[in-house]
>>> print(open('model15.cif').read())   # mmCIF, C-alpha atoms
data_protein
loop_
_atom_site.group_PDB
_atom_site.id
_atom_site.type_symbol
_atom_site.label_atom_id
_atom_site.label_comp_id
_atom_site.auth_asym_id
_atom_site.auth_seq_id
_atom_site.Cartn_x
_atom_site.Cartn_y
_atom_site.Cartn_z
ATOM 1 C CA MET V 1 126.408 198.846 62.025
ATOM 2 C CA LYS V 2 123.173 200.370 63.265
ATOM 3 C CA ALA V 3 123.321 203.466 65.385
ATOM 4 C CA LYS V 4 122.988 202.917 69.110
ATOM 5 C CA TYR V 5 119.513 204.501 69.255
ATOM 6 C CA GLU V 6 118.199 202.418 66.331
ATOM 7 C CA MET V 7 119.369 199.272 68.125
ATOM 8 C CA ALA V 8 117.681 200.457 71.330
ATOM 9 C CA GLU V 9 114.409 201.049 69.440
ATOM 10 C CA ASP V 10 114.638 197.542 67.960
ATOM 11 C CA ILE V 11 115.168 196.121 71.449
ATOM 12 C CA VAL V 12 112.086 197.960 72.764
ATOM 13 C CA VAL V 13 109.947 196.494 69.984
ATOM 14 C CA ARG V 14 111.248 192.992 70.697
ATOM 15 C CA LEU V 15 110.782 193.421 74.455
ATOM 16 C CA LYS V 16 107.147 194.396 73.885
ATOM 17 C CA LYS V 17 106.668 191.225 71.845
ATOM 18 C CA LEU V 18 108.297 189.144 74.598
ATOM 19 C CA ILE V 19 106.111 190.787 77.247
ATOM 20 C CA LYS V 20 102.970 189.891 75.284
ATOM 21 C CA ARG V 21 104.099 186.266 75.063
ATOM 22 C CA ILE V 22 104.928 186.121 78.754
ATOM 23 C CA GLU V 23 101.615 187.748 79.691
ATOM 24 C CA GLY V 24 99.761 185.194 77.590
ATOM 25 C CA THR V 25 101.521 182.387 79.394
ATOM 26 C CA TYR V 26 101.103 184.119 82.778
ATOM 27 C CA LYS V 27 97.325 184.159 82.280
ATOM 28 C CA LEU V 28 97.429 180.402 82.844
ATOM 29 C CA LEU V 29 98.077 181.149 86.520
ATOM 30 C CA GLU V 30 95.009 183.378 86.872
ATOM 31 C CA SER V 31 91.520 182.181 87.675
ATOM 32 C CA GLU V 32 88.381 183.241 89.465
ATOM 33 C CA GLU V 33 90.050 182.260 92.738
ATOM 34 C CA VAL V 34 93.254 184.250 92.227
ATOM 35 C CA THR V 35 93.589 187.452 90.205
ATOM 36 C CA ARG V 36 96.754 188.802 88.597
ATOM 37 C CA GLY V 37 97.027 191.488 91.284
ATOM 38 C CA GLN V 38 96.766 188.870 94.011
ATOM 39 C CA LEU V 39 99.374 186.739 92.273
ATOM 40 C CA ARG V 40 101.758 189.674 92.286
ATOM 41 C CA VAL V 41 101.504 189.911 96.065
ATOM 42 C CA ILE V 42 101.985 186.213 96.808
ATOM 43 C CA VAL V 43 104.567 185.291 94.162
ATOM 44 C CA PRO V 44 107.379 185.240 96.785
ATOM 45 C CA ILE V 45 105.419 182.659 98.805
ATOM 46 C CA ILE V 46 104.729 180.557 95.719
ATOM 47 C CA LYS V 47 108.309 180.871 94.466
ATOM 48 C CA ASP V 48 110.138 180.164 97.730
ATOM 49 C CA GLY V 49 107.575 178.032 99.543
ATOM 50 C CA LYS V 50 108.349 180.069 102.669
ATOM 51 C CA GLY V 51 106.103 182.237 104.743
ATOM 52 C CA TYR V 52 106.459 186.005 104.792
ATOM 53 C CA SER V 53 104.961 188.745 106.922
ATOM 54 C CA MET V 54 102.698 191.267 105.243
ATOM 55 C CA ALA V 55 105.411 193.913 105.641
ATOM 56 C CA GLU V 56 107.939 191.635 103.925
ATOM 57 C CA LEU V 57 105.507 190.935 101.066
ATOM 58 C CA ALA V 58 104.867 194.665 100.659
ATOM 59 C CA GLU V 59 108.585 195.382 100.508
ATOM 60 C CA MET V 60 109.427 192.470 98.196
ATOM 61 C CA THR V 61 106.685 193.376 95.719
ATOM 62 C CA SER V 62 106.914 197.170 96.046
ATOM 63 C CA THR V 63 103.266 197.204 97.067
ATOM 64 C CA ASP V 64 101.429 199.326 99.617
ATOM 65 C CA LYS V 65 101.018 197.552 102.991
ATOM 66 C CA GLY V 66 97.276 198.284 103.007
ATOM 67 C CA LEU V 67 96.845 196.666 99.598
ATOM 68 C CA VAL V 68 98.829 193.639 100.743
ATOM 69 C CA SER V 69 96.613 193.346 103.822
ATOM 70 C CA ARG V 70 93.401 193.508 101.753
ATOM 71 C CA THR V 71 94.805 191.054 99.204
ATOM 72 C CA ILE V 72 95.787 188.554 101.889
ATOM 73 C CA ALA V 73 92.342 188.893 103.515
ATOM 74 C CA ASP V 74 90.679 188.078 100.160
ATOM 75 C CA LEU V 75 92.979 185.098 99.597
ATOM 76 C CA GLU V 76 92.315 183.848 103.131
ATOM 77 C CA ARG V 77 88.567 183.938 102.438
ATOM 78 C CA ASN V 78 89.176 181.836 99.320
ATOM 79 C CA GLY V 79 91.282 179.350 101.299
ATOM 80 C CA ILE V 80 94.464 180.028 99.289
ATOM 81 C CA VAL V 81 96.646 181.407 102.117
ATOM 82 C CA GLN V 82 96.597 181.397 105.890
ATOM 83 C CA ARG V 83 98.434 183.023 108.775
ATOM 84 C CA ASP V 84 101.004 180.672 110.264
ATOM 85 C CA LYS V 85 100.316 180.956 113.969
ATOM 86 C CA SER V 86 103.294 178.751 114.843
ATOM 87 C CA ASP V 87 105.764 181.335 113.538
ATOM 88 C CA ASN V 88 104.505 184.625 114.908
ATOM 89 C CA ILE V 89 105.960 187.468 116.863
ATOM 90 C CA GLY V 90 103.137 189.510 118.336
ATOM 91 C CA LYS V 91 100.872 190.409 115.437
ATOM 92 C CA ASN V 92 103.475 189.586 112.761
ATOM 93 C CA PHE V 93 102.181 186.301 111.417
ATOM 94 C CA LYS V 94 103.869 184.697 108.454
ATOM 95 C CA ILE V 95 101.547 184.212 105.475
ATOM 96 C CA ILE V 96 101.766 180.738 103.936
ATOM 97 C CA LEU V 97 99.881 178.759 101.313
ATOM 98 C CA THR V 98 97.164 176.435 102.554
ATOM 99 C CA PRO V 99 97.137 172.840 101.264
ATOM 100 C CA LYS V 100 94.394 173.994 98.856
ATOM 101 C CA GLY V 101 96.585 176.917 97.748
ATOM 102 C CA GLN V 102 99.608 174.664 97.302
ATOM 103 C CA ALA V 103 97.614 172.179 95.204
ATOM 104 C CA TYR V 104 96.145 175.033 93.156
ATOM 105 C CA PHE V 105 99.561 176.492 92.334
ATOM 106 C CA ASP V 106 101.167 173.093 91.731
ATOM 107 C CA ASP V 107 98.529 172.527 89.038
ATOM 108 C CA LYS V 108 98.841 176.041 87.587
ATOM 109 C CA ILE V 109 102.641 175.960 87.549
ATOM 110 C CA SER V 110 102.585 172.594 85.802
ATOM 111 C CA LYS V 111 100.372 174.103 83.077
ATOM 112 C CA TYR V 112 102.595 177.192 82.923
ATOM 113 C CA ARG V 113 105.705 175.054 82.445
ATOM 114 C CA GLN V 114 104.015 173.166 79.623
ATOM 115 C CA ALA V 115 103.249 176.466 77.847
ATOM 116 C CA ALA V 116 106.511 178.326 78.558
ATOM 117 C CA PRO V 117 108.961 176.198 76.519
ATOM 118 C CA PHE V 118 108.021 177.937 73.280
ATOM 119 C CA TRP V 119 110.273 180.809 74.326
ATOM 120 C CA VAL V 120 112.358 179.432 77.196
ATOM 121 C CA ASN V 121 113.808 176.583 75.119
ATOM 122 C CA ARG V 122 115.032 178.987 72.451
ATOM 123 C CA VAL V 123 117.779 180.323 74.698
ATOM 124 C CA THR V 124 120.457 178.850 76.904
ATOM 125 C CA ALA V 125 120.630 179.218 80.674
ATOM 126 C CA GLN V 126 123.653 181.500 80.191
ATOM 127 C CA GLU V 127 121.700 183.718 77.778
ATOM 128 C CA ILE V 128 118.846 183.974 80.282
ATOM 129 C CA GLU V 129 121.324 184.906 83.019
ATOM 130 C CA THR V 130 122.944 187.539 80.780
ATOM 131 C CA PHE V 131 119.530 188.950 79.844
ATOM 132 C CA LYS V 132 118.571 189.101 83.533
ATOM 133 C CA ASP V 133 121.818 190.926 84.363
ATOM 134 C CA ILE V 134 121.236 193.451 81.581
ATOM 135 C CA LEU V 135 117.641 194.044 82.708
ATOM 136 C CA GLU V 136 118.851 194.627 86.260
ATOM 137 C CA LYS V 137 121.433 197.092 85.012
ATOM 138 C CA VAL V 138 119.058 199.144 82.860
ATOM 139 C CA THR V 139 116.167 199.112 85.337
ATOM 140 C CA SER V 140 118.047 199.888 88.561
ATOM 141 C CA ASP V 141 117.482 203.298 90.095
#
>>> encode(input="model15.cif", output="structure tokens")
Amino acid sequence: MKAKYEMAEDIVVRLKKLIKRIEGTYKLLESEEVTRGQLRVIVPIIKDGKGYSMAELAEMTSTDKGLVSRTIADLERNGIVQRDKSDNIGKNFKIILTPKGQAYFDDKISKYRQAAPFWVNRVTAQEIETFKDILEKVTSD
């Protein structure tokens, strides 16, 4: 049996290969309207379909509040997100996708799901869950 460190080195090499594949697929979500950095900030909104305050987005994505604010302002100018004035407390508006933003991501996610099966279909749901648990364990502080 391989030594523990040799197995760890093999895992690192394979993880790098997986990351390249995922990044290639992830590029399908990018465009001139939405950059990768902007995607990072609004992924919780896209994923959950719920609105979040800028502070919540900053915390959820481990991003500086100022960067989140500038990112949201850029996305508002492009018509991708808007401040939900019906769900505000003082200045704490929830940021939500606009109909244009929702249509944009519906299209992009559809394309992403068509491209992702090359690696997702190679493993079971249980294997994905186990992999996720291991990643959480080795990346927690």
>>> residues_around(input="model15.cif", residues="Ile45 (chain V)", least_positions_apart="5", cutoff="12 Å", atoms="all atoms listed in the file", output="PDB file with C-alpha atoms, in the frame of the given file")
ATOM      1  CA  GLN V  38      96.766 188.870  94.011  1.00  0.00           C
ATOM      2  CA  LEU V  39      99.374 186.739  92.273  1.00  0.00           C
ATOM      3  CA  ARG V  40     101.758 189.674  92.286  1.00  0.00           C
ATOM      4  CA  LYS V  50     108.349 180.069 102.669  1.00  0.00           C
ATOM      5  CA  GLY V  51     106.103 182.237 104.743  1.00  0.00           C
ATOM      6  CA  TYR V  52     106.459 186.005 104.792  1.00  0.00           C
ATOM      7  CA  SER V  53     104.961 188.745 106.922  1.00  0.00           C
ATOM      8  CA  MET V  54     102.698 191.267 105.243  1.00  0.00           C
ATOM      9  CA  GLU V  56     107.939 191.635 103.925  1.00  0.00           C
ATOM     10  CA  LEU V  57     105.507 190.935 101.066  1.00  0.00           C
ATOM     11  CA  MET V  60     109.427 192.470  98.196  1.00  0.00           C
ATOM     12  CA  THR V  61     106.685 193.376  95.719  1.00  0.00           C
ATOM     13  CA  ILE V  72      95.787 188.554 101.889  1.00  0.00           C
ATOM     14  CA  ILE V  80      94.464 180.028  99.289  1.00  0.00           C
ATOM     15  CA  VAL V  81      96.646 181.407 102.117  1.00  0.00           C
ATOM     16  CA  GLN V  82      96.597 181.397 105.890  1.00  0.00           C
ATOM     17  CA  LYS V  94     103.869 184.697 108.454  1.00  0.00           C
ATOM     18  CA  ILE V  95     101.547 184.212 105.475  1.00  0.00           C
ATOM     19  CA  ILE V  96     101.766 180.738 103.936  1.00  0.00           C
ATOM     20  CA  LEU V  97      99.881 178.759 101.313  1.00  0.00           C
ATOM     21  CA  THR V  98      97.164 176.435 102.554  1.00  0.00           C
ATOM     22  CA  GLY V 101      96.585 176.917  97.748  1.00  0.00           C
ATOM     23  CA  GLN V 102      99.608 174.664  97.302  1.00  0.00           C
ATOM     24  CA  PHE V 105      99.561 176.492  92.334  1.00  0.00           C
TER      25      PHE V 105
END
>>> atom_distance(input="model15.cif", atom1="CA of Gly66 (chain V)", atom2="CA of Arg83 (chain V)")
16.4 Å
>>> atom_distance(input="model15.cif", atom1="CA of Asp84 (chain V)", atom2="CA of Thr71 (chain V)")
16.4 Å
>>> closest_residue(input="model15.cif", among="V:Arg14, V:Asn92, V:Lys4, V:Val34", to="Glu76 (chain V)", atoms="only C-alpha atoms")
V:Val34
>>> atom_distance(input="model15.cif", atom1="CA of Val12 (chain V)", atom2="CA of Ile128 (chain V)")
17.3 Å
>>> residues_near_point(input="model15.cif", point="(102.5, 194.2, 98.2)", cutoff="7 Å", atoms="all atoms listed in the file", output="ChimeraX atom specification")
/V:41,57-59,61-65,67-68
>>> axis_aligned_box(input="model15.cif", around="region 13-24 of chain V", padding_each_side="6 Å", output="JSON")
{"center_x": 105.5, "center_y": 190.8, "center_z": 74.8, "size_x": 23.5, "size_y": 23.3, "size_z": 21.7}
